[in-house]
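Next comes run_15.cif, with mmCIF, C-alpha atoms.
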```cif
data_protein
loop_
_atom_site.label_atom_id
_atom_site.label_comp_id
_atom_site.auth_asym_id
_atom_site.auth_seq_id
_atom_site.Cartn_x
_atom_site.Cartn_y
_atom_site.Cartn_z
CA MET A 1360 -8.32 8.40 -21.15
CA GLU A 1361 -9.83 5.67 -23.29
CA LYS A 1362 -13.62 5.44 -23.02
CA ILE A 1363 -14.82 2.73 -20.66
CA THR A 1364 -17.48 0.67 -22.40
CA PHE A 1365 -20.27 -1.01 -20.50
CA ASP A 1366 -19.37 -4.35 -22.13
CA ASP A 1367 -15.81 -4.10 -20.85
CA PHE A 1368 -17.02 -3.04 -17.38
CA ILE A 1369 -19.39 -5.98 -17.12
CA ILE A 1370 -16.68 -8.43 -18.22
CA ASN A 1371 -14.39 -7.19 -15.46
CA PHE A 1372 -17.29 -7.26 -12.98
CA LYS A 1373 -18.09 -10.88 -13.87
CA VAL A 1374 -14.54 -11.96 -13.06
CA LEU A 1375 -15.31 -11.22 -9.41
CA LEU A 1376 -18.41 -13.40 -9.32
CA LEU A 1377 -19.00 -17.07 -8.63
CA GLU A 1378 -19.02 -19.27 -11.73
CA ASP A 1379 -22.79 -19.81 -11.77
CA GLU A 1380 -23.72 -16.15 -11.32
CA LEU A 1381 -25.07 -14.13 -14.22
CA ILE A 1382 -25.42 -10.39 -14.36
CA LYS A 1383 -27.09 -7.92 -16.66
CA GLU A 1384 -27.26 -4.17 -16.58
CA ASP A 1385 -30.32 -4.18 -14.32
CA THR A 1386 -28.99 -6.78 -11.88
CA PHE A 1387 -29.18 -5.68 -8.25
CA PHE A 1388 -25.62 -6.65 -7.46
CA LYS A 1389 -26.06 -6.56 -3.70
CA LYS A 1390 -28.46 -9.48 -4.04
CA LEU A 1391 -25.81 -11.69 -5.66
CA LYS A 1392 -24.46 -14.67 -3.75
CA SER A 1393 -20.97 -13.16 -4.06
CA TRP A 1394 -21.98 -9.94 -2.35
CA ASP A 1395 -20.48 -9.37 1.07
CA SER A 1396 -18.36 -6.73 2.79
CA LEU A 1397 -15.21 -8.01 1.05
CA PHE A 1398 -16.84 -7.78 -2.39
CA VAL A 1399 -16.79 -3.98 -2.07
CA LEU A 1400 -13.02 -4.13 -1.63
CA GLU A 1401 -12.67 -6.32 -4.71
CA LEU A 1402 -14.74 -3.86 -6.75
CA ILE A 1403 -12.65 -0.90 -5.54
CA MET A 1404 -9.52 -2.79 -6.52
CA MET A 1405 -10.85 -3.84 -9.92
CA ILE A 1406 -11.99 -0.31 -10.82
CA ASP A 1407 -8.63 1.12 -9.77
CA GLU A 1408 -6.62 -1.55 -11.57
CA LYS A 1409 -8.59 -1.62 -14.83
CA TYR A 1410 -9.61 2.01 -15.15
CA ASN A 1411 -7.29 3.91 -12.78
CA ILE A 1412 -10.32 5.37 -11.02
CA LYS A 1413 -10.31 5.74 -7.24
CA ILE A 1414 -13.92 4.99 -6.47
CA PRO A 1415 -15.01 5.74 -2.87
CA PRO A 1416 -16.84 2.88 -1.09
CA GLU A 1417 -19.96 5.01 -0.61
CA ILE A 1418 -20.46 5.15 -4.38
CA ILE A 1419 -20.55 1.37 -4.53
CA ASN A 1420 -22.72 1.12 -1.43
CA GLY A 1421 -25.03 3.80 -2.82
CA SER A 1422 -25.57 2.03 -6.15
CA ASN A 1423 -28.12 -0.66 -6.84
CA THR A 1424 -27.74 -1.99 -10.36
CA VAL A 1425 -24.64 -2.73 -12.40
CA SER A 1426 -25.50 -0.01 -14.91
CA GLU A 1427 -26.00 2.54 -12.14
CA LEU A 1428 -22.54 1.73 -10.80
CA TYR A 1429 -21.07 1.87 -14.31
CA ASN A 1430 -22.51 5.34 -14.86
CA LYS A 1431 -21.14 6.59 -11.56
CA VAL A 1432 -17.72 5.13 -12.36
CA ILE A 1433 -17.45 6.74 -15.79
CA ASN A 1434 -18.54 10.09 -14.39
CA HIS A 1435 -16.23 9.96 -11.38
CA ASN A 1436 -13.23 12.25 -11.26
CA ASN A 1437 -10.24 11.27 -9.21
CA GLU A 1438 -9.43 14.10 -6.81
CA MET B 682 26.11 9.29 18.05
CA ASN B 683 24.39 9.96 14.76
CA SER B 684 22.33 6.84 14.30
CA ALA B 685 20.10 4.37 16.08
CA TYR B 686 19.78 0.63 15.71
CA ILE B 687 17.42 -2.20 16.50
CA LYS B 688 19.52 -4.55 18.60
CA PHE B 689 17.03 -7.35 19.34
CA ILE B 690 13.34 -8.11 18.72
CA GLU B 691 11.27 -10.76 20.49
CA TYR B 692 7.55 -11.28 20.91
CA TYR B 693 4.88 -13.10 22.85
CA ILE B 694 1.63 -14.56 21.56
CA PRO B 695 -1.01 -15.64 24.09
CA ALA B 696 -1.98 -19.31 24.30
CA LYS B 697 -5.72 -19.19 23.60
CA LYS B 698 -6.18 -20.19 19.96
CA ILE B 699 -9.23 -19.12 17.97
CA SER B 700 -9.63 -21.39 14.95
CA ASN B 701 -11.50 -20.71 11.73
CA ASP B 702 -13.72 -23.73 12.44
CA TYR B 703 -14.75 -22.17 15.74
CA LEU B 704 -15.49 -18.78 14.18
CA ALA B 705 -17.42 -20.40 11.31
CA SER B 706 -19.54 -22.29 13.85
CA LEU B 707 -20.77 -18.92 15.15
CA SER B 708 -21.91 -17.68 11.74
CA ASP B 709 -24.33 -18.61 8.99
CA SER B 710 -22.48 -16.67 6.32
CA TRP B 711 -18.80 -17.47 7.00
CA SER B 712 -17.19 -20.86 6.40
CA ALA B 713 -13.72 -21.78 7.70
CA HIS B 714 -12.55 -21.96 4.09
CA LYS B 715 -13.92 -18.49 3.31
CA ILE B 716 -12.22 -16.99 6.36
CA HIS B 717 -8.89 -18.48 5.33
CA ASP B 718 -9.31 -17.61 1.67
CA LYS B 719 -10.53 -14.03 2.07
CA ILE B 720 -9.06 -12.82 5.38
CA GLY B 721 -5.93 -14.94 5.01
CA VAL B 722 -5.75 -15.95 8.66
CA LYS B 723 -5.52 -19.61 9.63
CA GLU B 724 -5.47 -19.04 13.36
CA ARG B 725 -5.18 -16.16 15.77
CA PHE B 726 -4.52 -16.15 19.49
CA ILE B 727 -6.21 -14.02 22.10
CA ALA B 728 -5.53 -13.05 25.68
CA ASP B 729 -7.39 -14.99 28.34
CA GLU B 730 -10.17 -13.22 30.25
CA ASN B 731 -7.80 -12.39 33.10
CA GLU B 732 -4.82 -11.58 30.87
CA PHE B 733 -4.20 -7.98 29.83
CA ALA B 734 -1.84 -5.95 27.66
CA SER B 735 0.71 -5.50 30.46
CA ASP B 736 0.80 -9.28 30.97
CA LEU B 737 1.59 -9.88 27.28
CA ALA B 738 4.14 -7.06 27.39
CA TYR B 739 5.81 -8.54 30.46
CA LYS B 740 6.23 -11.90 28.73
CA ALA B 741 7.55 -10.32 25.52
CA ALA B 742 10.03 -8.27 27.57
CA GLN B 743 11.10 -11.37 29.52
CA ASN B 744 11.72 -13.14 26.21
CA LEU B 745 13.82 -10.21 25.05
CA ILE B 746 15.84 -9.94 28.24
CA TYR B 747 16.53 -13.64 28.82
CA LYS B 748 17.03 -14.82 25.24
CA ASN B 749 19.55 -12.06 24.63
CA ASN B 750 21.21 -11.85 28.05
CA ILE B 751 20.32 -8.19 28.50
CA ASP B 752 21.37 -6.55 31.75
CA ILE B 753 18.18 -4.76 32.86
CA ASN B 754 20.30 -2.05 34.44
CA ASP B 755 21.41 -1.03 30.96
CA ILE B 756 17.81 -0.14 29.98
CA ASP B 757 17.46 3.62 30.38
CA PHE B 758 14.09 4.31 28.72
CA LEU B 759 10.80 2.48 28.21
CA ILE B 760 8.41 3.32 25.39
CA TYR B 761 5.13 1.47 25.30
CA CYS B 762 2.63 1.52 22.42
CA THR B 763 -0.91 0.40 23.21
CA GLN B 764 -4.54 1.24 22.54
CA SER B 765 -5.80 -1.33 25.03
CA PRO B 766 -4.02 -0.32 28.25
CA ASP B 767 -4.79 -2.02 31.55
CA TYR B 768 -5.82 1.41 32.86
CA LEU B 769 -6.08 4.85 31.36
CA VAL B 770 -4.26 6.03 34.50
CA PRO B 771 -1.49 5.07 35.22
CA THR B 772 0.36 4.15 32.04
CA ASN B 773 1.27 0.59 31.21
CA ALA B 774 4.88 1.77 30.87
CA CYS B 775 4.98 2.71 34.55
CA LEU B 776 3.37 -0.57 35.56
CA LEU B 777 5.89 -2.47 33.47
CA GLN B 778 8.89 -0.60 34.92
CA SER B 779 7.90 -1.96 38.31
CA LYS B 780 6.95 -5.43 37.13
CA LEU B 781 10.26 -5.88 35.28
CA ASN B 782 12.18 -4.32 38.17
CA LEU B 783 13.81 -1.79 35.84
CA LYS B 784 15.82 1.10 37.27
CA LYS B 785 13.83 3.99 38.74
CA SER B 786 16.05 6.51 36.93
CA ILE B 787 14.55 5.62 33.53
CA GLY B 788 12.03 7.55 31.47
CA ALA B 789 8.81 5.66 30.69
CA LEU B 790 5.78 6.59 28.63
CA ASP B 791 2.81 5.15 26.76
CA PHE B 792 1.70 6.34 23.38
CA ASN B 793 -1.59 5.55 21.73
CA LEU B 794 -1.35 4.29 18.16
CA GLY B 795 -2.46 1.13 16.41
CA CYS B 796 -1.09 -0.35 13.23
CA SER B 797 1.40 2.46 12.58
CA GLY B 798 2.67 2.29 16.17
CA TYR B 799 5.83 0.25 15.68
CA VAL B 800 7.24 2.63 13.09
CA TYR B 801 6.32 5.69 15.18
CA GLY B 802 7.95 4.08 18.21
CA LEU B 803 11.15 3.51 16.26
CA GLY B 804 11.08 7.19 15.30
CA LEU B 805 10.62 8.29 18.93
CA ALA B 806 13.36 5.92 20.07
CA LYS B 807 15.73 7.16 17.40
CA GLY B 808 15.07 10.74 18.55
CA LEU B 809 15.94 9.80 22.13
CA ILE B 810 19.17 8.13 20.98
CA LEU B 811 20.22 11.00 18.72
CA SER B 812 19.47 13.60 21.42
CA LYS B 813 21.62 11.55 23.81
CA SER B 814 18.64 11.19 26.16
CA ALA B 815 18.95 7.40 26.18
CA LYS B 816 21.23 4.60 24.99
CA ASN B 817 19.17 1.44 25.45
CA ILE B 818 15.45 1.80 24.97
CA LEU B 819 13.01 -0.98 25.70
CA PHE B 820 10.25 -0.50 23.15
CA ILE B 821 7.05 -2.46 23.75
CA THR B 822 4.00 -2.91 21.55
CA SER B 823 1.16 -4.79 23.19
CA GLU B 824 -2.52 -5.09 22.37
CA THR B 825 -5.55 -7.04 23.46
CA TYR B 826 -7.94 -5.82 20.75
CA SER B 827 -9.92 -9.04 21.27
CA LYS B 828 -11.43 -7.41 24.36
CA TYR B 829 -12.89 -4.68 22.11
CA LEU B 830 -14.56 -7.12 19.72
CA LYS B 831 -18.24 -7.96 19.81
CA PRO B 832 -18.67 -11.73 20.28
CA ASP B 833 -20.71 -12.10 17.10
CA ASP B 834 -18.47 -9.81 14.99
CA ILE B 835 -17.02 -12.67 12.96
CA SER B 836 -15.38 -10.38 10.43
CA ASN B 837 -13.20 -8.55 12.98
CA ARG B 838 -12.71 -11.62 15.15
CA SER B 839 -11.31 -13.34 12.04
CA ILE B 840 -8.85 -10.54 11.41
CA PHE B 841 -7.52 -9.54 14.81
CA GLY B 842 -5.28 -11.45 17.18
CA ASP B 843 -3.60 -10.32 20.40
CA GLY B 844 0.14 -10.13 20.90
CA ALA B 845 3.09 -8.15 22.16
CA SER B 846 6.59 -7.35 20.98
CA ALA B 847 9.68 -6.14 22.77
CA SER B 848 12.58 -4.48 20.98
CA LEU B 849 15.81 -3.04 22.25
CA ILE B 850 16.72 0.15 20.40
CA SER B 851 20.31 1.10 20.96
CA THR B 852 23.48 2.81 19.77
CA SER B 853 24.50 -0.37 17.94
CA GLY B 854 22.68 -3.44 16.71
CA ILE B 855 21.58 -5.68 13.84
CA THR B 856 20.01 -2.96 11.73
CA GLU B 857 20.34 0.80 11.42
CA ILE B 858 17.12 2.79 11.42
CA LEU B 859 17.22 5.21 8.49
CA ASP B 860 14.89 8.18 7.79
CA PHE B 861 11.14 8.27 8.30
CA ILE B 862 7.99 9.48 6.58
CA TYR B 863 4.90 10.07 8.73
CA GLY B 864 1.29 10.84 7.89
CA THR B 865 -2.00 11.54 9.65
CA ASN B 866 -5.60 12.12 8.58
CA GLY B 867 -7.97 12.39 11.53
CA ASP B 868 -11.00 12.37 9.21
CA GLY B 869 -10.51 8.59 9.24
CA GLY B 870 -11.29 8.38 12.96
CA LYS B 871 -14.93 7.72 12.17
CA ASN B 872 -14.03 4.55 10.28
CA LEU B 873 -12.11 2.75 13.01
CA ASN B 874 -12.88 3.44 16.65
CA VAL B 875 -14.17 2.29 20.01
CA LYS B 876 -16.54 5.10 20.93
CA ASN B 877 -16.96 4.27 24.60
CA ALA B 878 -13.30 3.60 25.37
CA GLY B 879 -12.54 7.07 26.72
CA LEU B 880 -14.30 9.58 28.91
CA LYS B 881 -16.35 11.68 26.51
CA HIS B 882 -19.19 9.18 26.16
CA LYS B 883 -19.87 9.51 29.90
CA HIS B 884 -20.95 13.13 29.59
CA PRO B 885 -24.75 13.23 29.83
CA ASN B 886 -25.19 16.15 27.43
CA ILE B 887 -22.72 15.28 24.69
CA ASN B 888 -23.67 13.13 21.75
CA ILE B 889 -20.40 11.55 20.62
CA ILE B 890 -21.99 10.54 17.34
CA GLU B 891 -21.37 14.13 16.23
CA ASP B 892 -17.64 13.39 16.37
CA PHE B 893 -17.97 10.38 14.13
CA ASP B 894 -20.64 11.21 11.62
CA GLU B 895 -22.12 7.75 11.61
CA ALA B 896 -24.35 5.84 13.94
CA ASN B 897 -24.26 2.28 12.75
CA SER B 898 -22.17 0.64 15.36
CA ASN B 899 -22.28 -0.62 18.87
CA HIS B 900 -20.41 1.92 20.95
CA GLU B 901 -19.02 -0.59 23.40
CA TYR B 902 -17.12 -2.45 20.71
CA LEU B 903 -14.62 -1.85 17.94
CA HIS B 904 -16.23 -0.38 14.85
CA MET B 905 -14.39 -0.74 11.57
CA ASN B 906 -15.68 0.37 8.20
CA GLY B 907 -13.53 -2.10 6.29
CA ALA B 908 -14.19 -0.65 2.85
CA GLU B 909 -13.20 2.87 3.91
CA VAL B 910 -10.06 1.68 5.70
CA PHE B 911 -9.15 -0.44 2.66
CA SER B 912 -9.70 2.50 0.35
CA PHE B 913 -7.47 4.75 2.49
CA THR B 914 -4.75 2.11 2.50
CA LEU B 915 -4.87 1.35 -1.21
CA PHE B 916 -4.75 5.00 -2.24
CA SER B 917 -2.36 6.40 0.43
CA ILE B 918 0.31 3.81 1.09
CA PRO B 919 1.82 3.66 -2.42
CA ASN B 920 2.62 7.40 -1.99
CA LEU B 921 4.17 6.69 1.40
CA ILE B 922 6.48 4.15 -0.23
CA SER B 923 7.65 6.48 -2.99
CA GLU B 924 8.17 9.39 -0.54
CA LEU B 925 10.14 7.10 1.74
CA LEU B 926 12.40 5.89 -1.06
CA ASN B 927 12.98 9.50 -2.15
CA LYS B 928 13.75 10.71 1.34
CA ASN B 929 16.31 7.95 1.86
CA ASN B 930 17.66 8.30 -1.67
CA VAL B 931 17.08 4.60 -2.24
CA ASP B 932 15.89 3.06 -5.49
CA PHE B 933 12.82 0.78 -5.45
CA ASN B 934 14.94 -2.13 -6.71
CA GLU B 935 17.45 -1.68 -3.90
CA ILE B 936 14.88 -2.80 -1.32
CA ASP B 937 15.47 -6.46 -0.52
CA LEU B 938 12.32 -7.04 1.52
CA PHE B 939 9.10 -5.13 2.10
CA ILE B 940 7.47 -5.69 5.48
CA PHE B 941 4.08 -4.04 5.75
CA HIS B 942 1.67 -4.04 8.62
CA GLN B 943 -0.15 -7.37 8.35
CA ALA B 944 -3.65 -5.93 8.04
CA SER B 945 -5.44 -8.69 6.11
CA LYS B 946 -4.76 -10.81 3.05
CA VAL B 947 -6.91 -8.64 0.81
CA VAL B 948 -5.09 -5.46 1.89
CA LEU B 949 -1.63 -7.02 1.53
CA ASP B 950 -2.42 -8.54 -1.88
CA ALA B 951 -3.87 -5.27 -3.16
CA LEU B 952 -0.90 -3.20 -1.98
CA ARG B 953 1.68 -5.63 -3.32
CA LYS B 954 0.01 -5.64 -6.70
CA LYS B 955 -0.52 -1.87 -6.85
CA ILE B 956 3.04 -1.02 -5.81
CA GLY B 957 4.47 -3.75 -8.06
CA ILE B 958 6.38 -5.75 -5.45
CA THR B 959 7.29 -9.34 -6.34
CA SER B 960 6.07 -12.00 -3.92
CA GLU B 961 9.71 -12.95 -3.22
CA LYS B 962 10.34 -9.48 -1.82
CA PHE B 963 7.09 -9.24 0.11
CA PHE B 964 6.83 -10.70 3.60
CA ASN B 965 3.53 -12.18 4.69
CA ASN B 966 2.85 -14.04 7.92
CA ILE B 967 -0.73 -12.99 8.65
CA GLU B 968 -1.82 -16.62 8.31
CA TYR B 969 -0.23 -17.56 11.63
CA PHE B 970 -1.10 -14.72 13.99
CA GLY B 971 -3.75 -12.54 12.35
CA ASN B 972 -3.59 -8.77 12.67
CA THR B 973 -1.92 -8.01 16.02
CA THR B 974 -2.02 -4.25 15.21
CA SER B 975 1.20 -2.58 16.41
CA SER B 976 2.96 -5.92 16.86
CA THR B 977 2.65 -7.26 13.31
CA ILE B 978 5.78 -5.51 12.00
CA PRO B 979 8.19 -6.51 14.80
CA ILE B 980 6.86 -10.09 14.73
CA ALA B 981 7.36 -10.13 10.96
CA ILE B 982 10.92 -8.76 11.23
CA ASN B 983 11.74 -11.43 13.83
CA ASN B 984 10.20 -14.17 11.64
CA ALA B 985 11.93 -12.90 8.50
CA ILE B 986 15.32 -12.96 10.24
CA ASN B 987 14.72 -16.48 11.57
CA GLN B 988 13.61 -17.68 8.12
CA ASN B 989 16.80 -16.24 6.57
CA ARG B 990 14.75 -13.82 4.46
CA ILE B 991 17.07 -11.02 5.60
CA SER B 992 20.87 -11.01 5.23
CA LYS B 993 23.57 -8.59 6.30
CA GLY B 994 23.69 -5.71 3.85
CA ASN B 995 19.96 -5.91 3.05
CA LYS B 996 17.63 -2.94 3.01
CA VAL B 997 14.19 -3.66 4.46
CA LEU B 998 11.33 -1.21 4.03
CA ILE B 999 8.74 -1.25 6.80
CA ALA B 1000 5.38 0.53 6.67
CA GLY B 1001 2.57 0.75 9.20
CA PHE B 1002 -0.90 2.15 8.53
CA GLY B 1003 -4.36 2.11 10.04
CA VAL B 1004 -6.41 3.55 12.87
CA GLY B 1005 -6.35 7.34 13.04
CA TYR B 1006 -5.81 7.34 10.14
CA SER B 1007 -2.12 7.20 10.87
CA TRP B 1008 0.76 5.92 8.75
CA ALA B 1009 4.53 5.83 8.78
CA GLY B 1010 7.45 4.09 7.16
CA THR B 1011 11.20 3.76 7.44
CA ILE B 1012 14.01 1.74 5.93
CA LEU B 1013 16.15 -0.63 7.95
CA GLN B 1014 19.74 -1.09 6.82
CA PHE B 1015 20.93 -4.52 7.96
#
```
Would you kindly transcribe this structure into structure tokens?
Amino acid sequence: MEKITFDDFIINFKVLLLEDELIKEDTFFKKLKSWDSLFVLELIMMIDEKYNIKIPPEIINGSNTVSELYNKVINHNNE
Amino acid sequence: MNSAYIKFIEYYIPAKKISNDYLASLSDSWSAHKIHDKIGVKERFIADENEFASDLAYKAAQNLIYKNNIDINDIDFLIYCTQSPDYLVPTNACLLQSKLNLKKSIGALDFNLGCSGYVYGLGLAKGLILSKSAKNILFITSETYSKYLKPDDISNRSIFGDGASASLISTSGITEILDFIYGTNGDGGKNLNVKNAGLKHKHPNINIIEDFDEANSNHEYLHMNGAEVFSFTLFSIPNLISELLNKNNVDFNEIDLFIFHQASKVVLDALRKKIGITSEKFFNNIEYFGNTTSSTIPIAINNAINQNRISKGNKVLIAGFGVGYSWAGTILQF
């Protein structure tokens, strides 16, 4: 599988956000205005659609920053 | 007899409307626009305080019988799907036999499933027809999930509505019921449950939390871990669809309409996209009734017929999935 770059991941992440929201690698994404219970679903969908990775919700809920989530995604193996 | 058919489908939706404006007024974080945009429901209807699943079922059955001039003496079996029965004992099916004045020589039973219930019920009914145990089965789905919802649980109150359906499954009809695929994964029980709805919670020395492996919910009310249920749906249902097509030896492009359990807009959109179904071939009516659990599929079939979305000769794939986890699908040949 093609390597997932952080730049690409953050571009796809930003698509899910409100227009005025900015994120960096150390952004605590659960503090974003966009963050709610449905945002988790949108992240699961985005990661599946863009990278074909089935990420369990607890990995998203257990991550704090964007880079932490990115690292868990790239190291995740679909069962 | 080597096949079974749906002959008629009718439904009943209770009168009490819950609007998005009302729900938004109870919350600081949800607006009416956000509820409509994200959940996809414009309005949902719930049973009144003194109205229960058997009352909704009775009205759906009356609609079925009177709109289609059914002779109640022809009904020889009653199957009733509910997870919100009037009583645990006796069954709603027995109560309804009496209320509808059906023959006493009929079989009647309840079964407990949620969003997969309509498809499972069709499978049970088909088995009864093929085994020559019955010829005209009244199949009811009826839920009052609203009574399980915590008043300030805006998320679930936005999603769920109450409702009932009544179908007549027979030896002839408008659509033949083809082969089924079923699935179950009880590990998902912890993600969608009402912990105090049965008897186990009453035992003084048993901690029911051990059955569920999580403690973050109010036991009196419905608990749903939406992300986990979504994840199960997104990653399990596409397989169900391909297995179903294989089992029936039907090509994906031969399906004229896909009718899935109307779970929520986000679930339906995600599944449609992942499976690659065009919006023209994908039925969606969640906006008008919300998620009525086991009744969403029969209501959708009824609506699709009335909107001329289904013609004679069409193949319609139906799939139900949710609490359990439990899932099932079949193809209807119109």
>> Quick one: residues within 9 Å of Ser1422 in chain A, all atoms listed in the file, excluding same-chain residues fewer than 5 positions away - as a list of chain:residue names?
In response: A:Phe1387, A:Phe1388, A:Lys1389, A:Glu1417, A:Glu1427, A:Leu1428, A:Lys1431
Go through range 1406-1432 of chain A and flag each residue having an atom no more than 12 Å from range 902-908 of chain B; for those, report the closest pair of atoms plus their distance in Å to one decimal, using all atoms listed in the file, ordered by chain and rising number, as a tab-separated table.
```
residue	atom	partner	partner_atom	distance
A:Ile1414	CA	B:Ala908	CA	10.9
A:Pro1415	CA	B:Ala908	CA	8.6
A:Pro1416	CA	B:Ala908	CA	5.9
A:Glu1417	CA	B:Ala908	CA	8.8
A:Ile1418	CA	B:Ala908	CA	11.2
A:Ile1419	CA	B:Ala908	CA	9.9
A:Asn1420	CA	B:Ala908	CA	9.7
```
>> Give me, as a PyMOL selection string, all polymer residues having an atom no more than 12 Å from Glu1378 in chain A, counting all atoms listed in the file and skipping those fewer than 4 positions away in the same chain.
In response: chain A and resi 1373-1374+1382+1391-1393
>> Using all atoms listed in the file and a cut-off of 8 Å, which residues of chain A sit close to chain B? Please list them as JSON, numbers by chain.
In response: {"A": [1396, 1397, 1399, 1400, 1403, 1404, 1408, 1413, 1415, 1416]}
Translate the PyMOL selection byres ((chain B and resi 764) around 7), as applied to the file shown, into an explicit residue set as a short mmCIF file (atom, residue, chain, number, x, y, z; two decimals) with C-alpha atoms, in the coordinates of the input.
```cif
data_model
loop_
_atom_site.label_atom_id
_atom_site.label_comp_id
_atom_site.auth_asym_id
_atom_site.auth_seq_id
_atom_site.Cartn_x
_atom_site.Cartn_y
_atom_site.Cartn_z
CA THR B 763 -0.91 0.40 23.21
CA SER B 765 -5.80 -1.33 25.03
CA PRO B 766 -4.02 -0.32 28.25
CA ASN B 793 -1.59 5.55 21.73
CA LEU B 794 -1.35 4.29 18.16
CA GLY B 795 -2.46 1.13 16.41
CA GLU B 824 -2.52 -5.09 22.37
#
```
Could range 1364-1382 of chain A be completed with N, CA and C atoms and returned as a short mmCIF file (atom, residue, chain, number, x, y, z; two decimals), keeping the file's coordinate frame?
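Below you can see part_32.cif, which holds the result:
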```
data_model
loop_
_atom_site.label_atom_id
_atom_site.label_comp_id
_atom_site.auth_asym_id
_atom_site.auth_seq_id
_atom_site.Cartn_x
_atom_site.Cartn_y
_atom_site.Cartn_z
N THR A 1364 -16.20 1.14 -21.88
CA THR A 1364 -17.48 0.67 -22.40
C THR A 1364 -18.19 -0.18 -21.35
N PHE A 1365 -19.50 -0.20 -21.45
CA PHE A 1365 -20.27 -1.01 -20.50
C PHE A 1365 -19.91 -2.49 -20.65
N ASP A 1366 -19.71 -2.94 -21.90
CA ASP A 1366 -19.37 -4.35 -22.13
C ASP A 1366 -18.08 -4.72 -21.41
N ASP A 1367 -17.09 -3.84 -21.51
CA ASP A 1367 -15.81 -4.10 -20.85
C ASP A 1367 -16.00 -4.11 -19.33
N PHE A 1368 -16.78 -3.15 -18.82
CA PHE A 1368 -17.02 -3.04 -17.38
C PHE A 1368 -17.68 -4.32 -16.85
N ILE A 1369 -18.65 -4.81 -17.60
CA ILE A 1369 -19.39 -5.98 -17.12
C ILE A 1369 -18.51 -7.24 -17.19
N ILE A 1370 -17.62 -7.29 -18.16
CA ILE A 1370 -16.68 -8.43 -18.22
C ILE A 1370 -15.78 -8.44 -16.99
N ASN A 1371 -15.27 -7.27 -16.64
CA ASN A 1371 -14.39 -7.19 -15.46
C ASN A 1371 -15.18 -7.43 -14.16
N PHE A 1372 -16.42 -7.02 -14.15
CA PHE A 1372 -17.29 -7.26 -12.98
C PHE A 1372 -17.52 -8.76 -12.81
N LYS A 1373 -17.77 -9.44 -13.93
CA LYS A 1373 -18.09 -10.88 -13.87
C LYS A 1373 -16.93 -11.70 -13.32
N VAL A 1374 -15.72 -11.23 -13.56
CA VAL A 1374 -14.54 -11.96 -13.06
C VAL A 1374 -14.60 -12.13 -11.53
N LEU A 1375 -15.25 -11.19 -10.87
CA LEU A 1375 -15.31 -11.22 -9.41
C LEU A 1375 -16.40 -12.14 -8.87
N LEU A 1376 -17.24 -12.64 -9.76
CA LEU A 1376 -18.41 -13.40 -9.32
C LEU A 1376 -18.15 -14.90 -9.26
N LEU A 1377 -19.06 -15.61 -8.62
CA LEU A 1377 -19.00 -17.07 -8.63
C LEU A 1377 -19.33 -17.55 -10.04
N GLU A 1378 -18.88 -18.75 -10.36
CA GLU A 1378 -19.02 -19.27 -11.73
C GLU A 1378 -20.47 -19.30 -12.23
N ASP A 1379 -21.41 -19.63 -11.33
CA ASP A 1379 -22.79 -19.81 -11.77
C ASP A 1379 -23.61 -18.52 -11.70
N GLU A 1380 -22.96 -17.39 -11.43
CA GLU A 1380 -23.72 -16.15 -11.32
C GLU A 1380 -23.74 -15.39 -12.64
N LEU A 1381 -24.91 -14.92 -12.99
CA LEU A 1381 -25.07 -14.13 -14.22
C LEU A 1381 -25.47 -12.72 -13.84
N ILE A 1382 -24.96 -11.76 -14.61
CA ILE A 1382 -25.42 -10.39 -14.36
C ILE A 1382 -25.76 -9.69 -15.66
#
```
